[in-house]
$ cat run31.txt   # compact mmCIF, C-alpha atoms (C1' of nucleotides)
# COMPACT_ATOMS: atom_id res chain seq x y z
CA MET A 28 0.00 0.00 0.00
CA THR A 29 1.24 3.47 -0.84
CA HIS A 30 -0.15 6.94 -0.39
CA ASN A 31 -1.94 6.82 -3.76
CA GLU A 32 -4.78 4.85 -2.34
CA LEU A 33 -5.59 7.14 0.51
CA GLY A 34 -7.14 10.30 -0.91
CA TRP A 35 -4.73 12.18 1.27
CA GLU A 36 -4.43 15.12 -1.10
CA GLU A 37 -8.02 16.17 -0.60
CA THR A 38 -7.60 15.99 3.13
CA LEU A 39 -4.61 18.31 3.01
CA TRP A 40 -6.16 20.77 0.57
CA ASP A 41 -9.43 20.88 2.44
CA ALA A 42 -7.51 21.83 5.58
CA GLY A 43 -5.51 24.52 3.77
CA TYR A 44 -2.25 22.60 3.52
CA ARG A 45 -0.10 21.67 0.53
CA VAL A 46 0.74 18.35 -1.06
CA THR A 47 4.50 17.94 -1.31
CA ARG A 48 6.86 15.28 -2.52
CA GLN A 49 8.36 15.00 0.94
CA ARG A 50 5.03 14.42 2.56
CA ALA A 51 4.19 11.68 0.08
CA LEU A 52 7.39 9.88 0.95
CA VAL A 53 6.68 10.17 4.65
CA LEU A 54 3.21 8.77 4.18
CA ASP A 55 4.64 5.94 2.07
CA ALA A 56 7.06 5.14 4.86
CA VAL A 57 4.19 4.85 7.32
CA CYS A 58 2.21 2.71 4.84
CA ALA A 59 5.21 0.40 4.43
CA GLY A 60 5.17 -0.44 8.12
CA ASP A 61 3.28 -3.42 9.47
CA GLY A 62 0.85 -1.05 11.04
CA HIS A 63 3.00 -0.17 14.01
CA THR A 64 6.04 1.77 12.99
CA ALA A 65 8.43 3.69 15.17
CA PHE A 66 9.78 7.05 14.16
CA GLY A 67 13.23 5.62 13.51
CA ASP A 68 11.87 3.15 10.97
CA ILE A 69 9.91 5.84 9.18
CA HIS A 70 12.86 8.16 9.05
CA LEU A 71 15.12 5.40 7.73
CA ARG A 72 12.69 4.55 4.93
CA VAL A 73 12.33 8.19 3.94
CA LYS A 74 16.09 8.59 3.93
CA GLN A 75 16.48 5.57 1.66
CA ALA A 76 13.98 7.05 -0.78
CA ASP A 77 15.54 10.52 -0.71
CA ALA A 78 18.58 11.24 1.43
CA SER A 79 18.10 15.01 1.20
CA ILE A 80 14.95 15.01 3.30
CA ASP A 81 15.64 16.40 6.72
CA ARG A 82 14.67 14.76 9.97
CA SER A 83 12.67 17.81 11.04
CA THR A 84 10.59 17.49 7.88
CA VAL A 85 9.71 13.93 8.80
CA TYR A 86 8.69 14.99 12.31
CA ARG A 87 6.59 17.82 10.91
CA ALA A 88 4.84 15.69 8.31
CA LEU A 89 4.02 13.03 10.88
CA ARG A 90 2.69 15.61 13.30
CA LEU A 91 0.50 17.10 10.60
CA PHE A 92 -0.80 13.71 9.46
CA VAL A 93 -1.69 12.78 13.04
CA ASP A 94 -3.43 16.10 13.59
CA LEU A 95 -5.45 15.58 10.41
CA GLY A 96 -6.31 12.03 11.27
CA LEU A 97 -4.48 10.48 8.32
CA VAL A 98 -2.12 8.68 10.65
CA LEU A 99 -2.76 7.28 14.11
CA SER A 100 -0.21 7.50 16.85
CA ALA A 101 -0.19 5.07 19.72
CA GLU A 102 1.52 5.91 22.93
CA THR A 103 2.64 2.72 24.53
CA GLY A 104 2.82 3.91 28.10
CA GLY A 105 5.98 5.93 28.39
CA GLU A 106 7.69 3.95 25.69
CA GLU A 107 8.15 4.68 22.08
CA THR A 108 5.34 6.13 19.99
CA PHE A 109 4.13 3.98 17.12
CA TYR A 110 2.49 5.23 13.94
CA GLU A 111 0.07 3.57 11.59
CA VAL A 112 -2.09 4.65 8.72
CA ALA A 113 -5.67 5.39 9.67
CA ARG A 114 -8.13 2.89 8.27
CA PRO A 115 -11.85 3.34 7.63
CA GLU A 116 -12.81 1.04 10.44
CA PRO A 117 -11.60 2.07 13.93
CA HIS A 118 -9.75 -0.52 15.94
CA HIS A 119 -7.89 -0.86 19.23
CA HIS A 120 -4.85 -2.71 20.50
CA LEU A 121 -4.30 -5.18 23.27
CA VAL A 122 -0.70 -5.45 24.43
CA CYS A 123 0.45 -8.17 26.80
CA ARG A 124 2.70 -6.72 29.45
CA VAL A 125 4.19 -10.16 30.11
CA CYS A 126 5.22 -11.45 26.69
CA GLY A 127 4.84 -8.29 24.60
CA SER A 128 2.42 -9.83 22.13
CA GLU A 129 -0.11 -7.55 20.53
CA TRP A 130 -3.59 -7.95 19.03
CA GLU A 131 -6.05 -5.75 17.27
CA ILE A 132 -9.68 -5.76 18.23
CA ASP A 133 -12.43 -4.02 16.34
CA ALA A 134 -14.23 -1.04 17.69
CA ALA A 135 -17.44 -2.93 18.35
CA ALA A 136 -15.74 -4.51 21.34
CA LEU A 137 -15.52 -1.16 23.07
CA GLN A 138 -18.66 0.46 21.78
CA ALA A 139 -20.65 -0.54 24.84
CA MET A 140 -18.18 1.42 26.94
CA PHE A 141 -18.47 4.51 24.81
CA ASP A 142 -22.26 4.28 24.90
CA GLU A 143 -22.10 3.95 28.68
CA VAL A 144 -19.95 7.07 29.01
CA GLU A 145 -22.33 9.00 26.80
CA ALA A 146 -25.39 7.87 28.70
CA ARG A 147 -23.84 8.59 32.09
CA HIS A 148 -21.86 11.74 31.41
CA GLY A 149 -23.26 13.17 28.21
CA PHE A 150 -19.77 12.89 26.79
CA ALA A 151 -19.38 11.72 23.19
CA VAL A 152 -16.14 9.75 23.05
CA ALA A 153 -14.19 10.37 19.86
CA THR A 154 -11.14 8.34 20.78
CA ASP A 155 -11.00 5.54 18.26
CA HIS A 156 -7.54 4.13 18.83
CA LEU A 157 -6.81 2.81 22.28
CA VAL A 158 -3.93 0.74 23.55
CA LEU A 159 -4.93 -1.44 26.48
CA PHE A 160 -2.36 -3.28 28.55
CA GLY A 161 -2.79 -6.46 30.50
CA ALA A 162 -2.11 -10.17 30.41
CA CYS A 163 -2.97 -12.38 27.45
CA ALA A 164 -4.62 -15.78 27.68
CA MET A 165 -1.34 -17.61 27.08
CA CYS A 166 0.56 -15.84 29.81
CA ARG A 167 -2.29 -16.23 32.23
CA THR A 168 -2.34 -19.95 31.52
CA ASN A 169 1.40 -20.21 32.03
CA ALA A 170 1.23 -18.27 35.26
CA ARG A 171 -1.46 -20.59 36.51
CA SER A 172 0.51 -23.72 35.76
CA VAL A 173 3.60 -22.56 37.67
CA MET B 271 -0.82 15.54 50.90
CA THR B 272 2.83 14.59 51.06
CA HIS B 273 4.75 11.43 50.48
CA ASN B 274 4.43 10.39 54.13
CA GLU B 275 0.94 9.13 53.62
CA LEU B 276 1.67 6.82 50.78
CA GLY B 277 3.64 3.87 52.10
CA TRP B 278 5.99 4.45 49.24
CA GLU B 279 9.06 3.22 51.10
CA GLU B 280 7.78 -0.34 51.28
CA THR B 281 7.02 -0.27 47.58
CA LEU B 282 10.57 0.77 46.78
CA TRP B 283 12.23 -1.67 49.18
CA ASP B 284 10.08 -4.55 48.06
CA ALA B 285 11.20 -3.88 44.51
CA GLY B 286 14.85 -3.67 45.48
CA TYR B 287 15.18 0.09 45.22
CA ARG B 288 16.29 2.67 47.75
CA VAL B 289 14.52 5.46 49.55
CA THR B 290 16.33 8.73 48.99
CA ARG B 291 15.80 12.33 50.00
CA GLN B 292 15.60 13.32 46.34
CA ARG B 293 12.90 10.83 45.57
CA ALA B 294 10.83 12.02 48.50
CA LEU B 295 10.98 15.56 47.19
CA VAL B 296 9.97 14.44 43.72
CA LEU B 297 7.03 12.53 45.11
CA ASP B 298 6.03 15.57 47.18
CA ALA B 299 6.13 17.68 44.06
CA VAL B 300 3.74 15.28 42.34
CA CYS B 301 1.49 15.23 45.43
CA ALA B 302 1.41 19.04 45.45
CA GLY B 303 -0.12 19.10 41.98
CA ASP B 304 -3.85 19.22 41.42
CA GLY B 305 -3.68 15.70 40.14
CA HIS B 306 -2.44 16.57 36.70
CA THR B 307 1.04 17.99 36.80
CA ALA B 308 3.42 18.56 33.93
CA PHE B 309 7.10 17.77 34.23
CA GLY B 310 8.04 21.43 34.27
CA ASP B 311 5.86 22.07 37.33
CA ILE B 312 7.31 19.10 39.16
CA HIS B 313 10.84 20.11 38.38
CA LEU B 314 10.21 23.68 39.49
CA ARG B 315 8.79 22.55 42.84
CA VAL B 316 11.70 20.21 43.43
CA LYS B 317 14.13 22.99 42.59
CA GLN B 318 12.44 25.32 45.06
CA ALA B 319 12.77 22.69 47.79
CA ASP B 320 16.39 21.90 46.96
CA ALA B 321 18.18 23.68 44.16
CA SER B 322 20.98 21.11 44.06
CA ILE B 323 18.76 18.36 42.66
CA ASP B 324 19.48 17.73 39.04
CA ARG B 325 16.92 17.57 36.29
CA SER B 326 17.98 14.08 35.32
CA THR B 327 17.28 12.92 38.87
CA VAL B 328 13.73 14.20 38.59
CA TYR B 329 13.23 12.41 35.28
CA ARG B 330 14.62 9.20 36.76
CA ALA B 331 12.55 9.32 39.91
CA LEU B 332 9.39 9.96 37.93
CA ARG B 333 10.16 7.13 35.57
CA LEU B 334 10.74 4.76 38.48
CA PHE B 335 7.54 5.85 40.26
CA VAL B 336 5.53 5.30 37.12
CA ASP B 337 7.09 1.90 36.54
CA LEU B 338 6.26 0.91 40.13
CA GLY B 339 2.73 2.23 39.90
CA LEU B 340 3.19 4.92 42.56
CA VAL B 341 2.54 7.63 40.01
CA LEU B 342 0.30 7.57 36.96
CA SER B 343 1.29 9.20 33.73
CA ALA B 344 -1.29 10.33 31.23
CA GLU B 345 -0.40 10.90 27.64
CA THR B 346 -2.69 13.50 26.24
CA GLY B 347 -2.43 12.58 22.62
CA GLY B 348 0.84 13.93 21.36
CA GLU B 349 0.82 16.71 23.88
CA GLU B 350 2.49 17.01 27.20
CA THR B 351 2.58 14.12 29.65
CA PHE B 352 0.83 14.72 32.95
CA TYR B 353 1.60 13.01 36.23
CA GLU B 354 -0.53 12.28 39.23
CA VAL B 355 -0.23 10.23 42.37
CA ALA B 356 -1.84 6.82 42.13
CA ARG B 357 -4.90 6.45 44.31
CA PRO B 358 -6.43 3.25 45.69
CA GLU B 359 -9.43 3.50 43.44
CA PRO B 360 -8.70 3.50 39.69
CA HIS B 361 -10.20 6.26 37.62
CA HIS B 362 -10.15 7.57 34.08
CA HIS B 363 -10.27 10.96 32.39
CA LEU B 364 -12.59 12.51 29.86
CA VAL B 365 -11.09 15.46 27.99
CA CYS B 366 -13.20 17.67 25.75
CA ARG B 367 -11.38 18.37 22.54
CA VAL B 368 -13.50 21.47 21.95
CA CYS B 369 -13.23 23.44 25.22
CA GLY B 370 -10.41 21.56 26.94
CA SER B 371 -12.41 20.76 30.05
CA GLU B 372 -11.62 17.59 31.88
CA TRP B 373 -13.51 15.17 34.15
CA GLU B 374 -12.68 12.12 36.13
CA ILE B 375 -14.90 9.08 36.00
CA ASP B 376 -14.61 6.08 38.21
CA ALA B 377 -13.48 2.73 36.96
CA ALA B 378 -16.93 1.17 37.23
CA ALA B 379 -17.91 3.10 34.13
CA LEU B 380 -15.45 1.13 32.04
CA GLN B 381 -15.60 -2.18 33.81
CA ALA B 382 -18.16 -3.57 31.38
CA MET B 383 -15.67 -2.97 28.60
CA PHE B 384 -12.88 -4.73 30.38
CA ASP B 385 -15.16 -7.68 31.15
CA GLU B 386 -16.17 -7.81 27.49
CA VAL B 387 -12.55 -7.92 26.34
CA GLU B 388 -11.78 -10.68 28.79
CA ALA B 389 -14.80 -12.74 27.77
CA ARG B 390 -14.12 -12.30 24.06
CA HIS B 391 -10.33 -12.43 23.91
CA GLY B 392 -9.24 -13.98 27.18
CA PHE B 393 -7.23 -10.86 27.79
CA ALA B 394 -7.19 -9.44 31.31
CA VAL B 395 -6.98 -5.67 30.95
CA ALA B 396 -4.71 -4.09 33.55
CA THR B 397 -4.89 -0.55 32.22
CA ASP B 398 -6.52 1.47 34.94
CA HIS B 399 -5.89 5.00 33.82
CA LEU B 400 -7.30 5.97 30.46
CA VAL B 401 -7.65 9.36 28.85
CA LEU B 402 -10.61 9.47 26.47
CA PHE B 403 -11.13 12.38 24.12
CA GLY B 404 -14.38 13.65 22.67
CA ALA B 405 -17.00 16.34 23.05
CA CYS B 406 -18.61 17.25 26.35
CA ALA B 407 -22.31 17.85 26.87
CA MET B 408 -21.87 21.61 26.96
CA CYS B 409 -20.01 21.83 23.68
CA ARG B 410 -22.40 19.48 22.01
CA THR B 411 -25.30 21.66 23.15
CA ASN B 412 -23.59 24.78 21.84
CA ALA B 413 -22.82 23.15 18.55
CA ARG B 414 -26.44 22.17 18.18
CA SER B 415 -27.72 25.66 18.83
CA VAL B 416 -25.54 27.28 16.16
C1' DC C 36 29.91 1.41 64.99
C1' DC C 37 32.42 0.10 60.82
C1' DA C 38 33.03 -2.19 56.41
C1' DT C 39 31.01 -3.58 52.31
C1' DC C 40 27.96 -3.76 48.53
C1' DT C 41 25.68 -1.55 45.09
C1' DC C 42 21.94 1.57 44.07
C1' DC C 43 21.65 6.49 43.17
C1' DT C 44 23.12 11.06 42.18
C1' DG C 45 25.16 15.15 39.85
C1' DC C 46 27.45 16.32 35.92
C1' DA C 47 28.42 16.33 31.24
C1' DA C 48 27.63 14.36 27.03
C1' DA C 49 24.65 12.04 23.87
C1' DT C 50 20.36 11.48 21.77
C1' DG C 51 15.65 12.83 20.58
C1' DT C 52 12.44 16.47 19.25
C1' DT C 53 11.04 21.16 18.21
C1' DT C 54 11.60 25.82 16.52
C1' DG C 55 13.28 30.08 13.92
C1' DC C 56 14.64 31.70 9.57
C1' DA C 57 15.65 32.40 4.72
C1' DA C 58 15.13 30.07 0.50
C1' DT C 59 12.14 26.96 -2.06
C1' DA C 60 8.09 25.49 -4.10
C1' DA C 61 2.96 24.53 -4.30
C1' DA C 62 -1.25 26.66 -5.50
C1' DC C 63 -3.94 30.16 -7.32
C1' DC C 64 -5.36 33.76 -10.46
C1' DG C 65 -5.35 36.62 -14.49
C1' DC D 290 2.26 31.02 -18.92
C1' DG D 291 3.97 34.37 -15.44
C1' DG D 292 3.44 36.75 -11.12
C1' DT D 293 2.08 36.56 -6.46
C1' DT D 294 1.06 34.57 -2.10
C1' DT D 295 2.32 31.85 1.45
C1' DA D 296 2.90 27.05 3.03
C1' DT D 297 6.96 24.19 3.36
C1' DT D 298 11.63 22.83 3.50
C1' DG D 299 16.57 22.32 4.92
C1' DC D 300 19.66 23.93 8.11
C1' DA D 301 21.21 25.22 12.45
C1' DA D 302 20.09 26.23 16.93
C1' DA D 303 17.30 25.58 20.89
C1' DC D 304 15.03 22.72 23.88
C1' DA D 305 13.69 18.13 26.04
C1' DT D 306 15.01 13.74 27.59
C1' DT D 307 18.21 9.97 28.28
C1' DT D 308 22.63 7.89 29.23
C1' DG D 309 27.52 6.97 30.93
C1' DC D 310 30.49 7.54 34.67
C1' DA D 311 32.73 8.36 39.07
C1' DG D 312 31.73 9.70 43.56
C1' DG D 313 28.03 9.70 47.10
C1' DA D 314 25.00 7.45 50.06
C1' DG D 315 21.39 3.94 51.61
C1' DA D 316 21.00 -0.64 53.44
C1' DT D 317 22.84 -4.67 55.41
C1' DG D 318 25.53 -7.59 58.37
C1' DG D 319 28.96 -8.47 61.80

$ encode --input "run31.txt" --output "structure tokens"
Amino acid sequence: MTHNELGWEETLWDAGYRVTRQRALVLDAVCAGDGHTAFGDIHLRVKQADASIDRSTVYRALRLFVDLGLVLSAETGGEETFYEVARPEPHHHLVCRVCGSEWEIDAAALQAMFDEVEARHGFAVATDHLVLFGACAMCRTNARSV
Amino acid sequence: MTHNELGWEETLWDAGYRVTRQRALVLDAVCAGDGHTAFGDIHLRVKQADASIDRSTVYRALRLFVDLGLVLSAETGGEETFYEVARPEPHHHLVCRVCGSEWEIDAAALQAMFDEVEARHGFAVATDHLVLFGACAMCRTNARSV
DNA sequence: CCATCTCCTGCAAATGTTTGCAATAAACCG
DNA sequence: CGGTTTATTGCAAACATTTGCAGGAGATGG
């Protein structure tokens, strides 16, 4: 997947921003990740495509993409920030704090929670990309058998 | 509230760490916040208590406290990290992306979600401090009346 | 109390991220 | 197409955070 399939130009123009070659390469670098790409990986890919692109440009493009919702950032609890391209259907992550494994779950799993918050507090939750930490089934089974 | 009321020494010793004067001052600085304190505020308070304490010591103490669960850190979506002292009862935050207001909600509100994830995925969610973004009742009412 | 172990600190350097500025370039209009 | 506007970039500097190291100090045991 590359940036061509994303309709990203319209998003930028609509928001008053410009479409640049550098930004396309940054977006491609995010697309080339497995969905969870650290800044260092993105920067390396951009550099390989065009060594003249400055690190600050990569930071800026990423920041803009996140602000515009083209890219999702996931803070992993004080650790490194991961980036992934926003997809039509929202999803969330489960990260095992024991073995480090990670899963995606669709948004339906958490919709009941959001509905509950809205009913109780009148607050419409917009957050559509959560990272939840805990213990996976495998690690819980192993812990139990010790 | 100061560090004396927290039983923090046992937590450190149990984990194989030491209780130091500097760490007590850092914890006090977090306690002195309104529950949501930026690094700069913490550092300033520590400096006022003892100007000889180095910035890196404050970073390290905070990192250790967060790792040990004595202090909670809240990433506010690409913005500044806020710190607060961990309380016995878990809670979460709702932040309005329109007006910036913030509320705390108790963990019961989200428990159904966690139970759902466990039933569906066998994953025991340990995350007990979420920051959810969206639109508050007031801003939604204003938007509707425009 | 003293000796020992080793975690912890301050300091300086290294690394990561953001910002200011002048030049570049995208976008628009005639 | 050319001129104009202004967003964007590369570069360097500033700022934020982390890391390495030697000396300091907390904790333990005799």

$ closest_residue --input "run31.txt" --among "B:Leu295, B:Val401, B:Ala319, B:Val395" --to "chain A" --atoms "all atoms listed in the file"
B:Val395

$ closest_residue --input "run31.txt" --among "B:Leu342, B:Ala407, B:Ala356, B:Val300" --to "Phe150 (chain A)" --atoms "only C-alpha atoms"
B:Ala407

$ calpha_fit_and_write --input "run31.txt" --fixed "chain B" --moving "chain A" --output "CSV table (one decimal) with C-alpha atoms, in the frame of the given file"
chain,number,residue,atom,x,y,z
A,28,MET,CA,-0.9,15.5,50.9
A,29,THR,CA,2.8,14.6,51.0
A,30,HIS,CA,4.7,11.4,50.5
A,31,ASN,CA,4.4,10.4,54.1
A,32,GLU,CA,0.9,9.1,53.6
A,33,LEU,CA,1.7,6.8,50.8
A,34,GLY,CA,3.7,3.9,52.1
A,35,TRP,CA,6.0,4.5,49.2
A,36,GLU,CA,9.1,3.3,51.1
A,37,GLU,CA,7.8,-0.3,51.3
A,38,THR,CA,7.1,-0.3,47.6
A,39,LEU,CA,10.6,0.8,46.8
A,40,TRP,CA,12.3,-1.6,49.2
A,41,ASP,CA,10.2,-4.5,48.1
A,42,ALA,CA,11.3,-3.9,44.5
A,43,GLY,CA,15.0,-3.6,45.5
A,44,TYR,CA,15.3,0.2,45.3
A,45,ARG,CA,16.4,2.8,47.8
A,46,VAL,CA,14.5,5.5,49.6
A,47,THR,CA,16.3,8.8,49.1
A,48,ARG,CA,15.8,12.4,50.0
A,49,GLN,CA,15.6,13.4,46.4
A,50,ARG,CA,12.9,10.9,45.6
A,51,ALA,CA,10.8,12.1,48.5
A,52,LEU,CA,10.9,15.6,47.2
A,53,VAL,CA,10.0,14.5,43.7
A,54,LEU,CA,7.0,12.5,45.1
A,55,ASP,CA,6.0,15.6,47.2
A,56,ALA,CA,6.1,17.7,44.0
A,57,VAL,CA,3.7,15.3,42.3
A,58,CYS,CA,1.5,15.2,45.4
A,59,ALA,CA,1.3,19.0,45.4
A,60,GLY,CA,-0.2,19.0,41.9
A,61,ASP,CA,-3.9,19.1,41.4
A,62,GLY,CA,-3.7,15.6,40.1
A,63,HIS,CA,-2.5,16.5,36.7
A,64,THR,CA,1.0,17.9,36.8
A,65,ALA,CA,3.4,18.5,33.9
A,66,PHE,CA,7.0,17.7,34.2
A,67,GLY,CA,7.9,21.4,34.2
A,68,ASP,CA,5.8,22.0,37.3
A,69,ILE,CA,7.2,19.1,39.1
A,70,HIS,CA,10.8,20.1,38.3
A,71,LEU,CA,10.1,23.7,39.5
A,72,ARG,CA,8.7,22.5,42.8
A,73,VAL,CA,11.6,20.2,43.4
A,74,LYS,CA,14.0,23.0,42.5
A,75,GLN,CA,12.3,25.4,45.0
A,76,ALA,CA,12.7,22.8,47.8
A,77,ASP,CA,16.3,22.0,46.9
A,78,ALA,CA,18.1,23.8,44.1
A,79,SER,CA,20.9,21.2,44.0
A,80,ILE,CA,18.7,18.5,42.7
A,81,ASP,CA,19.4,17.8,39.0
A,82,ARG,CA,16.9,17.6,36.3
A,83,SER,CA,18.0,14.1,35.3
A,84,THR,CA,17.3,13.0,38.9
A,85,VAL,CA,13.7,14.3,38.6
A,86,TYR,CA,13.2,12.4,35.3
A,87,ARG,CA,14.7,9.2,36.8
A,88,ALA,CA,12.6,9.4,39.9
A,89,LEU,CA,9.4,10.0,37.9
A,90,ARG,CA,10.2,7.1,35.6
A,91,LEU,CA,10.8,4.8,38.5
A,92,PHE,CA,7.6,5.8,40.3
A,93,VAL,CA,5.6,5.3,37.1
A,94,ASP,CA,7.2,1.9,36.6
A,95,LEU,CA,6.3,0.9,40.2
A,96,GLY,CA,2.8,2.2,39.9
A,97,LEU,CA,3.2,4.9,42.6
A,98,VAL,CA,2.6,7.6,40.0
A,99,LEU,CA,0.3,7.5,37.0
A,100,SER,CA,1.3,9.1,33.7
A,101,ALA,CA,-1.3,10.2,31.2
A,102,GLU,CA,-0.4,10.8,27.6
A,103,THR,CA,-2.7,13.3,26.2
A,104,GLY,CA,-2.4,12.4,22.6
A,105,GLY,CA,0.9,13.7,21.4
A,106,GLU,CA,0.8,16.6,23.8
A,107,GLU,CA,2.5,16.9,27.2
A,108,THR,CA,2.6,14.0,29.6
A,109,PHE,CA,0.8,14.6,32.9
A,110,TYR,CA,1.6,12.9,36.2
A,111,GLU,CA,-0.5,12.2,39.2
A,112,VAL,CA,-0.2,10.2,42.3
A,113,ALA,CA,-1.8,6.7,42.1
A,114,ARG,CA,-4.9,6.4,44.3
A,115,PRO,CA,-6.4,3.2,45.7
A,116,GLU,CA,-9.4,3.4,43.4
A,117,PRO,CA,-8.7,3.4,39.7
A,118,HIS,CA,-10.2,6.2,37.6
A,119,HIS,CA,-10.2,7.5,34.1
A,120,HIS,CA,-10.3,10.9,32.4
A,121,LEU,CA,-12.6,12.5,29.9
A,122,VAL,CA,-11.1,15.4,28.0
A,123,CYS,CA,-13.1,17.7,25.8
A,124,ARG,CA,-11.3,18.3,22.6
A,125,VAL,CA,-13.4,21.5,22.0
A,126,CYS,CA,-13.1,23.4,25.2
A,127,GLY,CA,-10.3,21.5,27.0
A,128,SER,CA,-12.4,20.7,30.1
A,129,GLU,CA,-11.6,17.6,31.9
A,130,TRP,CA,-13.5,15.2,34.2
A,131,GLU,CA,-12.7,12.1,36.1
A,132,ILE,CA,-14.9,9.1,36.0
A,133,ASP,CA,-14.6,6.0,38.2
A,134,ALA,CA,-13.5,2.7,37.0
A,135,ALA,CA,-16.9,1.2,37.3
A,136,ALA,CA,-17.9,3.1,34.2
A,137,LEU,CA,-15.5,1.1,32.1
A,138,GLN,CA,-15.6,-2.2,33.8
A,139,ALA,CA,-18.2,-3.5,31.4
A,140,MET,CA,-15.7,-2.9,28.6
A,141,PHE,CA,-12.9,-4.7,30.3
A,142,ASP,CA,-15.2,-7.7,31.1
A,143,GLU,CA,-16.2,-7.8,27.5
A,144,VAL,CA,-12.6,-7.9,26.3
A,145,GLU,CA,-11.9,-10.7,28.7
A,146,ALA,CA,-14.9,-12.7,27.7
A,147,ARG,CA,-14.2,-12.2,24.0
A,148,HIS,CA,-10.5,-12.4,23.8
A,149,GLY,CA,-9.4,-14.0,27.1
A,150,PHE,CA,-7.3,-10.9,27.7
A,151,ALA,CA,-7.3,-9.5,31.3
A,152,VAL,CA,-7.0,-5.7,30.9
A,153,ALA,CA,-4.8,-4.1,33.5
A,154,THR,CA,-4.9,-0.6,32.2
A,155,ASP,CA,-6.5,1.4,34.9
A,156,HIS,CA,-5.9,5.0,33.8
A,157,LEU,CA,-7.3,5.9,30.5
A,158,VAL,CA,-7.7,9.3,28.8
A,159,LEU,CA,-10.6,9.5,26.5
A,160,PHE,CA,-11.1,12.4,24.1
A,161,GLY,CA,-14.4,13.7,22.7
A,162,ALA,CA,-17.0,16.4,23.1
A,163,CYS,CA,-18.6,17.3,26.4
A,164,ALA,CA,-22.3,17.9,26.9
A,165,MET,CA,-21.8,21.7,27.0
A,166,CYS,CA,-19.9,21.9,23.7
A,167,ARG,CA,-22.3,19.6,22.1
A,168,THR,CA,-25.2,21.8,23.2
A,169,ASN,CA,-23.5,24.9,21.9
A,170,ALA,CA,-22.7,23.2,18.6
A,171,ARG,CA,-26.3,22.3,18.3
A,172,SER,CA,-27.6,25.8,18.9
A,173,VAL,CA,-25.4,27.4,16.3

$ closest_atom_pairs --input "run31.txt" --of "region 288-351 of chain B" --to "region 297-316 of chain D" --cutoff "12 Å" --atoms "only C-alpha atoms (C1' of nucleotides)" --output "tab-separated table"
residue	atom	partner	partner_atom	distance
B:Arg288	CA	D:DG315	C1'	6.5
B:Val289	CA	D:DG315	C1'	7.3
B:Thr290	CA	D:DG315	C1'	7.4
B:Arg291	CA	D:DG315	C1'	10.2
B:Gln292	CA	D:DA314	C1'	11.7
B:Phe309	CA	D:DA305	C1'	10.5
B:Gly310	CA	D:DA305	C1'	10.5
B:Arg325	CA	D:DT306	C1'	9.7
B:Ser326	CA	D:DT307	C1'	8.2
B:Thr327	CA	D:DT307	C1'	11.0
B:Val328	CA	D:DT306	C1'	11.1
B:Tyr329	CA	D:DT306	C1'	8.0
B:Arg330	CA	D:DT307	C1'	9.2
B:Arg333	CA	D:DT307	C1'	11.2
B:Glu350	CA	D:DA305	C1'	11.3

$ interface_residues --input "run31.txt" --of "chain C" --to "chain A" --cutoff "9 Å" --atoms "all atoms listed in the file" --output "number ranges by chain"
C: 52-53, 60-62

$ axis_aligned_box --input "run31.txt" --around "region 43-49 of chain C" --padding-each-side "6 Å" --output "lines of an AutoDock Vina configuration file"
center_x = 25.0
center_y = 11.4
center_z = 33.5
size_x = 18.8
size_y = 21.8
size_z = 31.3

$ atom_distance --input "run31.txt" --atom1 "CA of Gly339 (chain B)" --atom2 "CA of Phe403 (chain B)"
23.3 Å

$ interface_residues --input "run31.txt" --of "chain A" --to "chain B" --cutoff "10 Å" --atoms "only C-alpha atoms" --output "count of residues only"
46

$ atom_distance --input "run31.txt" --atom1 "CA of Asp133 (chain A)" --atom2 "CA of Arg114 (chain A)"
11.5 Å

$ atom_distance --input "run31.txt" --atom1 "CA of Val341 (chain B)" --atom2 "CA of Glu354 (chain B)"
5.6 Å
